[in-house]
Each structure stands twice: as C-alpha cells, then as structure tokens.
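Structure file protein_10.cif (mmCIF, C-alpha atoms) is printed below.
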data_data
#
loop_
_atom_site.label_atom_id
_atom_site.label_comp_id
_atom_site.auth_asym_id
_atom_site.auth_seq_id
_atom_site.Cartn_x
_atom_site.Cartn_y
_atom_site.Cartn_z
CA MET A 1 4.85 30.49 -20.17
CA SER A 2 4.19 29.17 -23.63
CA THR A 3 4.43 25.45 -22.79
CA PRO A 4 1.17 23.50 -22.46
CA VAL A 5 -0.11 23.66 -18.89
CA LEU A 6 -2.10 20.96 -17.13
CA VAL A 7 -4.29 21.92 -14.18
CA ALA A 8 -4.56 18.79 -12.01
CA ILE A 9 -7.33 18.45 -9.44
CA PRO A 10 -7.21 15.43 -7.12
CA ALA A 11 -10.77 14.79 -5.94
CA TRP A 12 -12.30 12.40 -3.46
CA ASN A 13 -16.06 12.74 -2.99
CA GLU A 14 -16.17 16.43 -3.90
CA GLN A 15 -19.38 16.48 -5.93
CA GLU A 16 -20.58 19.67 -4.24
CA SER A 17 -17.59 21.78 -5.20
CA ILE A 18 -15.88 20.15 -8.20
CA ALA A 19 -17.90 21.79 -10.99
CA ASP A 20 -17.46 25.17 -9.34
CA VAL A 21 -13.69 24.78 -9.07
CA ILE A 22 -13.45 23.73 -12.73
CA ALA A 23 -15.53 26.71 -13.82
CA LYS A 24 -13.30 29.09 -11.88
CA VAL A 25 -10.15 27.58 -13.39
CA GLN A 26 -11.65 27.97 -16.87
CA GLU A 27 -12.53 31.55 -16.06
CA HIS A 28 -8.97 32.44 -15.07
CA ARG A 29 -7.18 30.31 -17.65
CA PRO A 30 -9.49 29.92 -20.64
CA GLY A 31 -8.67 26.86 -22.71
CA ALA A 32 -6.49 25.29 -20.05
CA ASP A 33 -6.40 21.50 -19.97
CA ILE A 34 -7.98 20.35 -16.73
CA LEU A 35 -7.42 16.87 -15.37
CA VAL A 36 -9.52 15.61 -12.48
CA VAL A 37 -8.04 12.58 -10.78
CA ASN A 38 -11.05 10.93 -9.24
CA ASP A 39 -9.60 9.13 -6.24
CA GLY A 40 -12.12 6.35 -5.81
CA SER A 41 -15.09 8.64 -5.17
CA THR A 42 -18.38 6.98 -4.32
CA ASP A 43 -20.42 10.01 -5.25
CA ASP A 44 -21.05 11.89 -8.48
CA THR A 45 -17.62 13.59 -8.67
CA ALA A 46 -16.47 11.97 -11.92
CA ASP A 47 -19.63 12.72 -13.90
CA ARG A 48 -19.90 16.28 -12.71
CA ALA A 49 -16.23 16.95 -13.49
CA SER A 50 -16.65 15.45 -16.93
CA THR A 51 -19.76 17.49 -17.62
CA ALA A 52 -17.94 20.62 -16.49
CA GLY A 53 -15.38 20.02 -19.23
CA ALA A 54 -12.50 18.32 -17.46
CA THR A 55 -10.67 15.17 -18.50
CA VAL A 56 -11.36 12.58 -15.81
CA VAL A 57 -9.05 9.78 -14.74
CA SER A 58 -10.73 7.46 -12.23
CA LEU A 59 -8.69 5.38 -9.80
CA PRO A 60 -10.39 2.05 -8.99
CA PHE A 61 -10.15 2.72 -5.24
CA ASN A 62 -9.04 5.46 -2.90
CA VAL A 63 -5.25 5.78 -2.83
CA GLY A 64 -4.85 9.16 -1.14
CA VAL A 65 -3.73 12.51 -2.47
CA GLY A 66 -0.17 11.29 -3.05
CA GLY A 67 -1.23 8.45 -5.34
CA ALA A 68 -3.72 10.67 -7.13
CA MET A 69 -1.05 13.27 -7.77
CA ARG A 70 1.44 10.73 -9.06
CA THR A 71 -1.23 9.63 -11.53
CA ALA A 72 -1.55 13.26 -12.59
CA PHE A 73 2.22 13.59 -13.02
CA LEU A 74 2.31 10.39 -15.07
CA TYR A 75 -0.45 11.75 -17.26
CA ALA A 76 1.38 15.06 -17.67
CA LYS A 77 4.60 13.31 -18.59
CA ARG A 78 3.00 10.96 -21.11
CA HIS A 79 1.08 13.75 -22.77
CA GLY A 80 4.05 16.08 -22.95
CA TYR A 81 2.96 18.86 -20.61
CA GLY A 82 5.71 21.25 -19.57
CA ALA A 83 3.92 22.48 -16.48
CA LEU A 84 1.42 21.12 -13.98
CA VAL A 85 -0.52 23.09 -11.41
CA GLN A 86 -2.23 21.30 -8.54
CA VAL A 87 -5.50 22.73 -7.30
CA ASP A 88 -7.64 21.31 -4.50
CA ALA A 89 -11.16 20.19 -5.36
CA ASP A 90 -12.77 21.64 -2.26
CA GLY A 91 -12.61 25.25 -3.38
CA GLN A 92 -9.94 26.17 -0.86
CA HIS A 93 -7.63 27.53 -3.53
CA ASP A 94 -8.33 30.62 -5.58
CA PRO A 95 -7.73 30.00 -9.32
CA ALA A 96 -6.98 33.71 -9.63
CA ASP A 97 -3.49 32.80 -8.39
CA LEU A 98 -2.87 30.27 -11.16
CA ASP A 99 -0.94 32.67 -13.37
CA ARG A 100 1.42 33.59 -10.56
CA LEU A 101 2.23 29.93 -9.87
CA ILE A 102 2.75 29.13 -13.55
CA ASP A 103 4.87 32.21 -14.27
CA GLY A 104 7.06 31.36 -11.30
CA LEU A 105 8.19 28.23 -13.14
CA ASP A 106 10.33 30.42 -15.40
CA SER A 107 12.93 30.49 -12.67
CA ALA A 108 12.09 27.40 -10.58
CA ASP A 109 11.16 23.72 -10.88
CA VAL A 110 8.50 23.87 -8.17
CA VAL A 111 6.52 26.88 -7.01
CA VAL A 112 4.64 26.49 -3.74
CA GLY A 113 1.74 28.80 -3.06
CA THR A 114 2.11 30.08 0.47
CA ARG A 115 -0.69 31.17 2.76
CA PHE A 116 1.63 32.97 5.13
CA HIS A 117 2.42 36.36 3.76
CA PRO A 118 1.58 39.90 4.90
CA ASP A 119 -1.66 40.20 2.92
CA SER A 120 -2.97 36.78 3.86
CA THR A 121 -6.10 36.32 5.87
CA TYR A 122 -5.35 32.67 6.52
CA LEU A 123 -4.57 32.23 10.19
CA VAL A 124 -3.56 29.09 11.99
CA GLY A 125 -2.80 28.99 15.67
CA GLY A 126 -1.66 26.67 18.42
CA PRO A 127 0.11 23.34 17.97
CA ARG A 128 -0.80 23.13 14.30
CA ARG A 129 1.03 26.38 13.72
CA TRP A 130 4.08 25.07 15.64
CA ALA A 131 4.08 21.95 13.50
CA MET A 132 4.02 24.05 10.37
CA VAL A 133 6.84 26.27 11.61
CA LEU A 134 8.95 23.22 12.45
CA LEU A 135 8.33 21.68 9.04
CA SER A 136 9.06 24.96 7.35
CA LYS A 137 12.34 25.39 9.23
CA SER A 138 13.66 21.92 8.48
CA LEU A 139 12.66 22.04 4.83
CA SER A 140 14.00 25.53 4.36
CA ARG A 141 17.34 24.37 5.65
CA MET A 142 17.38 21.45 3.21
CA ASN A 143 16.34 23.74 0.41
CA ARG A 144 18.77 26.56 1.20
CA GLY A 145 15.86 28.90 0.62
CA THR A 146 12.70 29.62 2.53
CA ILE A 147 9.66 27.40 2.20
CA SER A 148 7.25 29.00 4.61
CA ASP A 149 4.22 26.84 3.87
CA PRO A 150 5.35 23.29 3.03
CA THR A 151 1.93 21.69 3.58
CA SER A 152 0.33 23.85 0.92
CA GLY A 153 -1.25 21.76 -1.83
CA PHE A 154 -1.55 24.73 -4.17
CA ARG A 155 1.60 24.50 -6.26
CA SER A 156 3.07 24.11 -9.70
CA ALA A 157 5.74 21.88 -11.22
CA GLY A 158 7.95 22.36 -14.26
CA PRO A 159 9.29 19.68 -16.64
CA ARG A 160 12.10 18.46 -14.38
CA ALA A 161 9.72 18.14 -11.43
CA ILE A 162 7.14 16.36 -13.59
CA ASP A 163 9.74 13.79 -14.65
CA LEU A 164 10.74 13.20 -11.04
CA PHE A 165 7.25 13.10 -9.52
CA ALA A 166 5.88 10.77 -12.22
CA VAL A 167 8.22 8.15 -10.79
CA ASP A 168 8.71 9.11 -7.18
CA TYR A 169 5.86 10.72 -5.31
CA PRO A 170 5.20 9.80 -1.68
CA ALA A 171 1.82 8.26 -0.97
CA ASP A 172 1.84 8.46 2.82
CA TYR A 173 -0.15 11.04 4.72
CA LEU A 174 1.52 14.46 4.41
CA GLY A 175 4.09 12.84 2.14
CA ASP A 176 2.33 14.31 -0.85
CA THR A 177 3.06 17.85 0.30
CA VAL A 178 6.00 17.81 2.70
CA GLY A 179 7.66 14.63 1.45
CA SER A 180 7.53 15.62 -2.20
CA LEU A 181 9.36 18.86 -1.39
CA ALA A 182 12.01 16.91 0.48
CA ILE A 183 12.46 14.62 -2.55
CA ALA A 184 12.67 17.58 -4.91
CA THR A 185 15.24 19.29 -2.69
CA ARG A 186 17.36 16.17 -2.54
CA ARG A 187 17.34 15.97 -6.31
CA GLY A 188 18.59 19.52 -6.50
CA LEU A 189 15.40 21.01 -7.93
CA VAL A 190 14.81 24.71 -7.37
CA ILE A 191 11.84 25.48 -5.14
CA HIS A 192 10.37 28.95 -4.93
CA GLU A 193 7.23 30.23 -3.32
CA ALA A 194 4.53 32.62 -4.31
CA PRO A 195 1.88 34.28 -2.16
CA VAL A 196 -1.63 32.88 -2.68
CA THR A 197 -5.04 33.30 -1.16
CA MET A 198 -6.67 30.36 0.53
CA TYR A 199 -10.12 30.02 1.93
CA PHE A 200 -10.94 27.98 4.96
CA ARG A 201 -12.33 24.65 3.93
CA GLN A 202 -16.10 24.62 3.96
CA THR A 203 -16.41 20.92 4.55
CA GLY A 204 -13.97 18.24 5.63
CA ARG A 205 -11.94 17.88 8.79
CA PRO A 206 -12.35 20.84 11.06
CA SER A 207 -11.08 18.83 14.06
CA LYS A 208 -8.21 20.80 15.45
CA ASN A 209 -8.01 19.54 18.98
CA ALA A 210 -4.78 18.92 20.86
CA LEU A 211 -4.59 15.22 20.11
CA TRP A 212 -5.08 15.79 16.41
CA SER A 213 -2.38 18.46 16.42
CA ALA A 214 0.06 16.21 18.24
CA LEU A 215 -0.59 13.43 15.74
CA TYR A 216 -0.18 15.87 12.90
CA LEU A 217 3.16 17.05 14.25
CA GLY A 218 4.35 13.48 14.73
CA ARG A 219 3.34 12.33 11.27
CA ALA A 220 4.82 15.40 9.67
CA THR A 221 8.14 14.84 11.41
CA LEU A 222 8.01 11.21 10.40
CA ALA A 223 7.35 12.23 6.80
CA ILE A 224 10.44 14.46 6.77
CA ILE A 225 12.69 11.92 8.45
CA ALA A 226 11.44 9.15 6.18
CA THR A 227 12.08 11.09 2.99
CA SER A 228 15.45 12.39 4.07
CA LEU A 229 16.56 8.84 4.84
CA LYS A 230 14.99 7.23 1.82
CA LYS A 231 17.09 6.25 -1.11
CA GLY A 232 15.43 7.83 -4.08
CA ALA A 233 13.69 5.57 -6.54
CA THR A 234 15.64 5.46 -9.75
CA PRO A 235 13.61 6.50 -12.76
CA ARG A 236 12.76 3.39 -14.70
CA GLY A 237 11.72 3.05 -18.26
CA ASP A 238 8.54 1.17 -17.42
CA ALA A 239 7.13 4.11 -15.50
CA ALA A 240 7.46 6.49 -18.40
CA MET B 1 6.85 -36.46 29.67
CA ILE B 2 3.32 -35.32 28.95
CA ALA B 3 4.73 -31.92 27.97
CA ASN B 4 6.99 -33.62 25.45
CA VAL B 5 4.10 -35.54 23.94
CA LEU B 6 2.04 -32.35 23.71
CA GLY B 7 4.92 -30.54 22.05
CA ALA B 8 5.41 -33.36 19.57
CA ILE B 9 1.70 -33.46 18.71
CA ALA B 10 1.58 -29.68 18.25
CA SER B 11 4.58 -29.62 15.95
CA ILE B 12 3.28 -32.58 13.92
CA ILE B 13 -0.09 -30.86 13.49
CA THR B 14 1.64 -27.67 12.38
CA PHE B 15 3.86 -29.56 9.97
CA VAL B 16 0.98 -31.45 8.39
CA PHE B 17 -1.23 -28.36 8.21
CA VAL B 18 1.45 -26.27 6.48
CA PHE B 19 2.21 -29.13 4.12
CA TRP B 20 -1.48 -29.47 3.28
CA LEU B 21 -1.76 -25.71 2.61
CA MET B 22 1.27 -25.87 0.35
CA ARG B 23 -0.12 -28.83 -1.60
CA ARG B 24 -3.41 -27.06 -2.12
CA GLY B 25 -1.45 -24.17 -3.55
CA VAL B 26 -2.71 -21.57 -1.08
CA LEU B 27 0.66 -21.11 0.61
CA ARG B 28 3.66 -20.33 -1.49
CA GLU B 29 6.71 -22.57 -1.11
CA LYS B 30 8.99 -19.76 0.06
CA TYR B 31 6.79 -19.17 3.12
CA ALA B 32 5.87 -22.80 3.63
CA VAL B 33 9.50 -23.94 3.81
CA LEU B 34 10.12 -21.58 6.71
CA TRP B 35 7.23 -22.95 8.76
CA LEU B 36 8.11 -26.53 7.90
CA LEU B 37 11.64 -25.89 9.20
CA PHE B 38 10.26 -24.34 12.40
CA SER B 39 7.88 -27.19 13.11
CA GLY B 40 10.55 -29.74 12.20
CA ALA B 41 12.93 -28.19 14.71
CA ALA B 42 10.19 -28.10 17.35
CA LEU B 43 9.47 -31.77 16.73
CA ILE B 44 13.11 -32.74 17.19
CA LEU B 45 13.34 -30.75 20.42
CA SER B 46 10.23 -32.40 21.85
CA ILE B 47 11.12 -36.02 21.02
CA VAL B 48 14.79 -35.69 21.96
CA PRO B 49 14.56 -34.19 25.48
CA GLY B 50 18.34 -33.98 25.85
CA ALA B 51 18.71 -31.85 22.75
CA LEU B 52 17.54 -28.56 24.25
CA ARG B 53 19.58 -29.15 27.40
CA ALA B 54 22.71 -29.85 25.34
CA VAL B 55 22.28 -26.71 23.23
CA SER B 56 21.66 -24.61 26.37
CA ASP B 57 24.85 -25.90 27.95
CA VAL B 58 26.86 -25.05 24.86
CA VAL B 59 25.45 -21.50 24.64
CA GLY B 60 25.65 -21.02 28.40
CA VAL B 61 21.98 -20.57 29.21
CA GLU B 62 21.03 -21.92 32.64
CA THR B 63 17.35 -22.62 32.08
CA PRO B 64 16.79 -24.41 28.77
CA ALA B 65 13.23 -23.08 28.49
CA ASN B 66 14.59 -19.52 28.38
CA LEU B 67 16.72 -20.35 25.38
CA LEU B 68 13.69 -21.82 23.66
CA PHE B 69 11.61 -18.70 24.36
CA PHE B 70 14.36 -16.37 23.28
CA VAL B 71 14.99 -18.11 19.98
CA THR B 72 11.27 -18.42 19.28
CA ILE B 73 10.61 -14.73 19.93
CA VAL B 74 13.51 -13.63 17.75
CA LEU B 75 12.34 -15.85 14.90
CA LEU B 76 8.75 -14.62 15.18
CA ILE B 77 9.90 -10.99 15.14
CA LEU B 78 11.96 -11.62 12.02
CA VAL B 79 9.02 -13.27 10.31
CA SER B 80 6.75 -10.32 11.22
CA ILE B 81 9.23 -7.84 9.80
CA GLN B 82 9.50 -9.85 6.64
CA LEU B 83 5.71 -9.89 6.31
CA SER B 84 5.53 -6.10 6.81
CA TYR B 85 8.12 -5.74 4.10
CA GLU B 86 6.17 -7.91 1.68
CA LEU B 87 2.97 -6.05 2.53
CA SER B 88 4.55 -2.64 1.89
CA ARG B 89 5.90 -3.83 -1.42
CA HIS B 90 2.53 -5.15 -2.45
CA GLU B 91 0.73 -1.98 -1.43
CA ALA B 92 3.13 0.04 -3.57
CA ARG B 93 2.64 -2.30 -6.51
CA ILE B 94 -1.14 -2.33 -6.20
CA ARG B 95 -1.18 1.47 -6.09
CA ARG B 96 0.99 1.62 -9.18
CA LEU B 97 -1.37 -0.80 -10.94
CA ALA B 98 -4.37 1.28 -9.91
CA GLU B 99 -2.74 4.35 -11.43
CA GLU B 100 -2.04 2.51 -14.67
CA VAL B 101 -5.58 1.14 -14.82
CA ALA B 102 -6.99 4.62 -14.35
CA LEU B 103 -4.83 6.08 -17.11
CA LEU B 104 -5.56 3.21 -19.50
CA GLN B 105 -9.28 3.50 -18.88
CA GLN B 106 -9.18 7.19 -19.69
CA GLU B 107 -7.19 6.48 -22.86
CA MET B 108 -9.70 3.79 -23.86
CA ARG B 109 -12.59 6.19 -23.43
CA GLY B 110 -10.78 8.65 -25.68
CA ILE B 111 -10.18 6.04 -28.36
CA ARG B 112 -13.79 4.81 -28.21
CA GLY B 113 -15.07 8.35 -28.39
CA ARG B 114 -13.00 9.05 -31.51
CA ARG B 115 -13.99 5.77 -33.15
CA ASP B 116 -17.70 6.29 -32.53
CA GLY B 117 -17.39 9.86 -33.70
CA ASP B 118 -16.17 8.77 -37.14
#
Let me see whether you can do it: turn the structure in this file into structure tokens.
Amino acid sequence: MSTPVLVAIPAWNEQESIADVIAKVQEHRPGADILVVNDGSTDDTADRASTAGATVVSLPFNVGVGGAMRTAFLYAKRHGYGALVQVDADGQHDPADLDRLIDGLDSADVVVGTRFHPDSTYLVGGPRRWAMVLLSKSLSRMNRGTISDPTSGFRSAGPRAIDLFAVDYPADYLGDTVGSLAIATRRGLVIHEAPVTMYFRQTGRPSKNALWSALYLGRATLAIIATSLKKGATPRGDAA
Amino acid sequence: MIANVLGAIASIITFVFVFWLMRRGVLREKYAVLWLLFSGAALILSIVPGALRAVSDVVGVETPANLLFFVTIVLLILVSIQLSYELSRHEARIRRLAEEVALLQQEMRGIRGRRDGD
C-alpha cells in the first residue's frame, strides 16, 4: 500500500513494554508514523513512548480501549491517513505481521488478525473458548464471511473504516473489538482476516476461572445484541 | 389523622427543600419541577383524605393505599430510567470531550515545538 499508514497503540500503564513495542514496529516498518494513545496512565508510559519516537496523545483520564481507539481514528482521519493498524502495548502482538494486515486492506475495509489458524501456538480452552466460538459464529453470519477471532485487537482499517470509526466506535467492554466489527458489518464494510502470531500476555489479567468466563460470555453476547439493535450514529460534521 | 399530618409535613418539607435547591441554582428547573409536582400531589392527598379514596373508587382499586404505592413505584421507576439516560448521555459527551482535549493538547505541543524551533 502506498497510502500513509498510522500504527496506533492504545496504552494504559504499559511503561514496561511500550518502548519495546515501538522499537519492534519501527524495525518492521521503518519510518512508519506511530501514535500512542495514552489512556490516562499514571505511570511513565507517555514519556517513554515519546522518547521512543512515537507521537503521544494523552487522554485526561482512563476511558477504556474503545475510547482510546476512537481518538486514534479521529487523529487518523484529521491527518489524512489512508490506513490504521492497531497494535497492543503489552507486547502480545508481533509487529512482524504488520505488513500482512496492511496489505490485506487492498481488498477489504477491515483486516482482523486471527490467532486461530493451523500454524498458531495460541491456545484457549474451556468456557472462554466457547464464548469465542459463539461470538465468531454470530459475527460470521452477520458478515457473510468467516471471522474466526472477533476479539482480536490486532487489526487494520482502511479509509472507509477510519471514517466510520472516527464517529462511531463502541466504548463498552468488548465493544471495541466485537462491537466495532458488528458496526462495520452493518455498514456493509468488507471484513477479511489474516493469520497472525500472538504471545500470551506477560502481565495483566490471567484470571480465567469459571466465573470470569461466564461473565465474559455474558458481556460478549450483550455487546453483540447491543450493537445489532443500535441505530448507527450518523456521521456529523462536528466530529470530523 | 396523625398519618395525614405526617404526610402533609413530609410533603411540605420536600416541597420547600426542592424549591430552596432550585433557588440556589444547584437543581435545574427541569428536574425541580418534577419533584415539586410530586410533593404537591402528595400534599393534596394528605390534606384531603377523601381524594385518594375517590380516585381509588374510580379506577377500581379496593385498598386506596395500594393505588398510592403502585403509582409511586411507577413514577420512581420512570425517574430512575430518565436519570440513567441522562447519565449515559453525559458519559458519552465527557468521553468525546476527553478525546478532543487529548487531540488538541497534542496539536498544541506540535505548534509550540515548531514555534520554539524557529
């Protein structure tokens, strides 16, 4: 792709990993514009990201991944980027896959990096896996094309998706991943997927007990139902 | 009789309190009017004992108190829903503002950097 690409990294208290992630992105896409959306971090995330060479946009308080990503889409739209790739700040995503996600935009509006493919080493079991399968099934039906890993946060968006997400991006839990795909599907955007490598998160929430899984399943279902019922926000001039 | 007096006192206190909040400017008129109407209605019901009975007969409710409870609960539920709605709207707006502030701040830093660089 020849269009300017923005690599967007939503970050909330990721001072340990942020510089590393930025360095890896620069290694795989030299000269790429990197935007770190600092989501109300109380640690040194913003400074370290800035030192590492990223543009930093700091939200005054924590708004969640959804809000942070909408900020990134707004930024991309106002600065005329034709493509945006989202990368997690915790080092879970491998920037070596960036090219694949960006090239996929030639034939799609959104490309979702999927962990579930034959070569993947990423394994999830139990109720969490069932939840993911359920989400995948319902979204795939809406999309008329398979989305095997709808909760993946490693994805890219083309110009049409940037325009849409700058205005309408769900802020609720799981809405940022699952809900945004539902919105894109409803707007008739083309969603493809590409195989990516993901590492297990080093830090963060490792709690995968039964209660957590049940909650996860419930909230995910709620996210899908909510977005499929919701009347889409009409793009307004003031948001652009 | 004592119950009636208690009811009247309670509704008068509510009325005066809401009115005082509104005058101080801490409660917006659109919310205040609602509570003033509620307390006004409660006051009428407590000083005119026959009123509730009469309404119950018309609607066909045997125990007047049940009608009172029913109407009160419905009204309170409606008010709660309305508050949730307002809260959701405000959360969305605050988030939007936060996003704008963040973007503007970044833009400002860029402008300052360029100006100081010259």
### Message
Near chain B, meaning an atom within 12 Å, which residues of chain A appear when counting only C-alpha atoms? Write them as number ranges by chain.
### Response
A: 35-40, 46, 50, 54-79, 166-172, 238-240
Could the residues in this selection be saved with C-alpha atoms as a PDB file, in the coordinates of the input?
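What ended up in part13.pdb:
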ATOM      1  CA  LEU A  35      -7.420  16.870 -15.370  1.00  0.00           C
ATOM      2  CA  VAL A  36      -9.520  15.610 -12.480  1.00  0.00           C
ATOM      3  CA  VAL A  37      -8.040  12.580 -10.780  1.00  0.00           C
ATOM      4  CA  ASN A  38     -11.050  10.930  -9.240  1.00  0.00           C
ATOM      5  CA  ASP A  39      -9.600   9.130  -6.240  1.00  0.00           C
ATOM      6  CA  GLY A  40     -12.120   6.350  -5.810  1.00  0.00           C
ATOM      7  CA  ALA A  46     -16.470  11.970 -11.920  1.00  0.00           C
ATOM      8  CA  SER A  50     -16.650  15.450 -16.930  1.00  0.00           C
ATOM      9  CA  ALA A  54     -12.500  18.320 -17.460  1.00  0.00           C
ATOM     10  CA  THR A  55     -10.670  15.170 -18.500  1.00  0.00           C
ATOM     11  CA  VAL A  56     -11.360  12.580 -15.810  1.00  0.00           C
ATOM     12  CA  VAL A  57      -9.050   9.780 -14.740  1.00  0.00           C
ATOM     13  CA  SER A  58     -10.730   7.460 -12.230  1.00  0.00           C
ATOM     14  CA  LEU A  59      -8.690   5.380  -9.800  1.00  0.00           C
ATOM     15  CA  PRO A  60     -10.390   2.050  -8.990  1.00  0.00           C
ATOM     16  CA  PHE A  61     -10.150   2.720  -5.240  1.00  0.00           C
ATOM     17  CA  ASN A  62      -9.040   5.460  -2.900  1.00  0.00           C
ATOM     18  CA  VAL A  63      -5.250   5.780  -2.830  1.00  0.00           C
ATOM     19  CA  GLY A  64      -4.850   9.160  -1.140  1.00  0.00           C
ATOM     20  CA  VAL A  65      -3.730  12.510  -2.470  1.00  0.00           C
ATOM     21  CA  GLY A  66      -0.170  11.290  -3.050  1.00  0.00           C
ATOM     22  CA  GLY A  67      -1.230   8.450  -5.340  1.00  0.00           C
ATOM     23  CA  ALA A  68      -3.720  10.670  -7.130  1.00  0.00           C
ATOM     24  CA  MET A  69      -1.050  13.270  -7.770  1.00  0.00           C
ATOM     25  CA  ARG A  70       1.440  10.730  -9.060  1.00  0.00           C
ATOM     26  CA  THR A  71      -1.230   9.630 -11.530  1.00  0.00           C
ATOM     27  CA  ALA A  72      -1.550  13.260 -12.590  1.00  0.00           C
ATOM     28  CA  PHE A  73       2.220  13.590 -13.020  1.00  0.00           C
ATOM     29  CA  LEU A  74       2.310  10.390 -15.070  1.00  0.00           C
ATOM     30  CA  TYR A  75      -0.450  11.750 -17.260  1.00  0.00           C
ATOM     31  CA  ALA A  76       1.380  15.060 -17.670  1.00  0.00           C
ATOM     32  CA  LYS A  77       4.600  13.310 -18.590  1.00  0.00           C
ATOM     33  CA  ARG A  78       3.000  10.960 -21.110  1.00  0.00           C
ATOM     34  CA  HIS A  79       1.080  13.750 -22.770  1.00  0.00           C
ATOM     35  CA  ALA A 166       5.880  10.770 -12.220  1.00  0.00           C
ATOM     36  CA  VAL A 167       8.220   8.150 -10.790  1.00  0.00           C
ATOM     37  CA  ASP A 168       8.710   9.110  -7.180  1.00  0.00           C
ATOM     38  CA  TYR A 169       5.860  10.720  -5.310  1.00  0.00           C
ATOM     39  CA  PRO A 170       5.200   9.800  -1.680  1.00  0.00           C
ATOM     40  CA  ALA A 171       1.820   8.260  -0.970  1.00  0.00           C
ATOM     41  CA  ASP A 172       1.840   8.460   2.820  1.00  0.00           C
ATOM     42  CA  ASP A 238       8.540   1.170 -17.420  1.00  0.00           C
ATOM     43  CA  ALA A 239       7.130   4.110 -15.500  1.00  0.00           C
ATOM     44  CA  ALA A 240       7.460   6.490 -18.400  1.00  0.00           C
TER      45      ALA A 240
END
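You will find atom CA of Phe38 of chain B at 17.2 Å from atom CA of Val5 of chain B.
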Kindly resolve the PyMOL selection byres ((chain A and resi 154) around 10) on the present coordinates and return the residues as a compact mmCIF listing (two decimals) with C-alpha atoms, in the frame of the given file.
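And here's result08.txt as it stands now:
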# COMPACT_ATOMS: atom_id res chain seq x y z
CA VAL A 85 -0.52 23.09 -11.41
CA GLN A 86 -2.23 21.30 -8.54
CA VAL A 87 -5.50 22.73 -7.30
CA ASP A 88 -7.64 21.31 -4.50
CA GLN A 92 -9.94 26.17 -0.86
CA HIS A 93 -7.63 27.53 -3.53
CA ASP A 94 -8.33 30.62 -5.58
CA PRO A 95 -7.73 30.00 -9.32
CA ASP A 97 -3.49 32.80 -8.39
CA LEU A 98 -2.87 30.27 -11.16
CA LEU A 101 2.23 29.93 -9.87
CA VAL A 111 6.52 26.88 -7.01
CA VAL A 112 4.64 26.49 -3.74
CA GLY A 113 1.74 28.80 -3.06
CA THR A 114 2.11 30.08 0.47
CA ARG A 115 -0.69 31.17 2.76
CA THR A 151 1.93 21.69 3.58
CA SER A 152 0.33 23.85 0.92
CA GLY A 153 -1.25 21.76 -1.83
CA ARG A 155 1.60 24.50 -6.26
CA SER A 156 3.07 24.11 -9.70
CA THR A 177 3.06 17.85 0.30
CA ALA A 194 4.53 32.62 -4.31
CA VAL A 196 -1.63 32.88 -2.68
CA THR A 197 -5.04 33.30 -1.16
CA MET A 198 -6.67 30.36 0.53
### Task
Considering all atoms listed in the file, return as an MDAnalysis selection string whatever protein or nucleic-acid residues lie within 8 Å of Met132 of chain A, sequence-local ones (same chain, fewer than 3 positions apart) excluded.
chainID A and resid 128:129 135:136 149:151
Draw an axis-aligned box over all listed atoms of segment 52-65 of chain B, pad each side with 5 Å, and write its centre and edge lengths in Å, one decimal, as lines of an AutoDock Vina configuration file.
center_x = 20.0
center_y = -25.2
center_z = 27.9
size_x = 23.6
size_y = 19.3
size_z = 19.4
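If all atoms listed in the file are the atoms counted, then among A:Val190, A:Ala89, A:Leu84, A:Leu215 the closest residue to Val21 of chain A is A:Ala89.
One distance worth recording is that between atom CA of Ser180 of chain A and atom CA of Val133 of chain A, which is 17.5 Å.
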### Message
List the spatial neighbours of Met22 of chain B as JSON, numbers by chain - criterion: any atom at most 10 Å away, only C-alpha atoms, same-chain residues fewer than 6 positions off excluded.
### Response
{"B": [16, 28, 29, 30, 31, 32, 33]}
### Message
I need the residue nearest Leu105 of chain A from this list: A:Ala214, A:Ala23, A:Ala131, A:Ala83. Use only C-alpha atoms for the distance.
### Response
A:Ala83
Please provide as an mmCIF file with C-alpha atoms, in the coordinates of the input all residues within 10 Å of Ala10 of chain B, with the sequence filter that same-chain residues fewer than 4 positions apart are discarded (counting all atoms listed in the file).
data_model
loop_
_atom_site.group_PDB
_atom_site.id
_atom_site.type_symbol
_atom_site.label_atom_id
_atom_site.label_comp_id
_atom_site.auth_asym_id
_atom_site.auth_seq_id
_atom_site.Cartn_x
_atom_site.Cartn_y
_atom_site.Cartn_z
ATOM 1 C CA ASN B 4 6.990 -33.620 25.450
ATOM 2 C CA VAL B 5 4.100 -35.540 23.940
ATOM 3 C CA LEU B 6 2.040 -32.350 23.710
ATOM 4 C CA THR B 14 1.640 -27.670 12.380
ATOM 5 C CA PHE B 15 3.860 -29.560 9.970
ATOM 6 C CA SER B 39 7.880 -27.190 13.110
ATOM 7 C CA ALA B 42 10.190 -28.100 17.350
ATOM 8 C CA LEU B 43 9.470 -31.770 16.730
ATOM 9 C CA SER B 46 10.230 -32.400 21.850
#
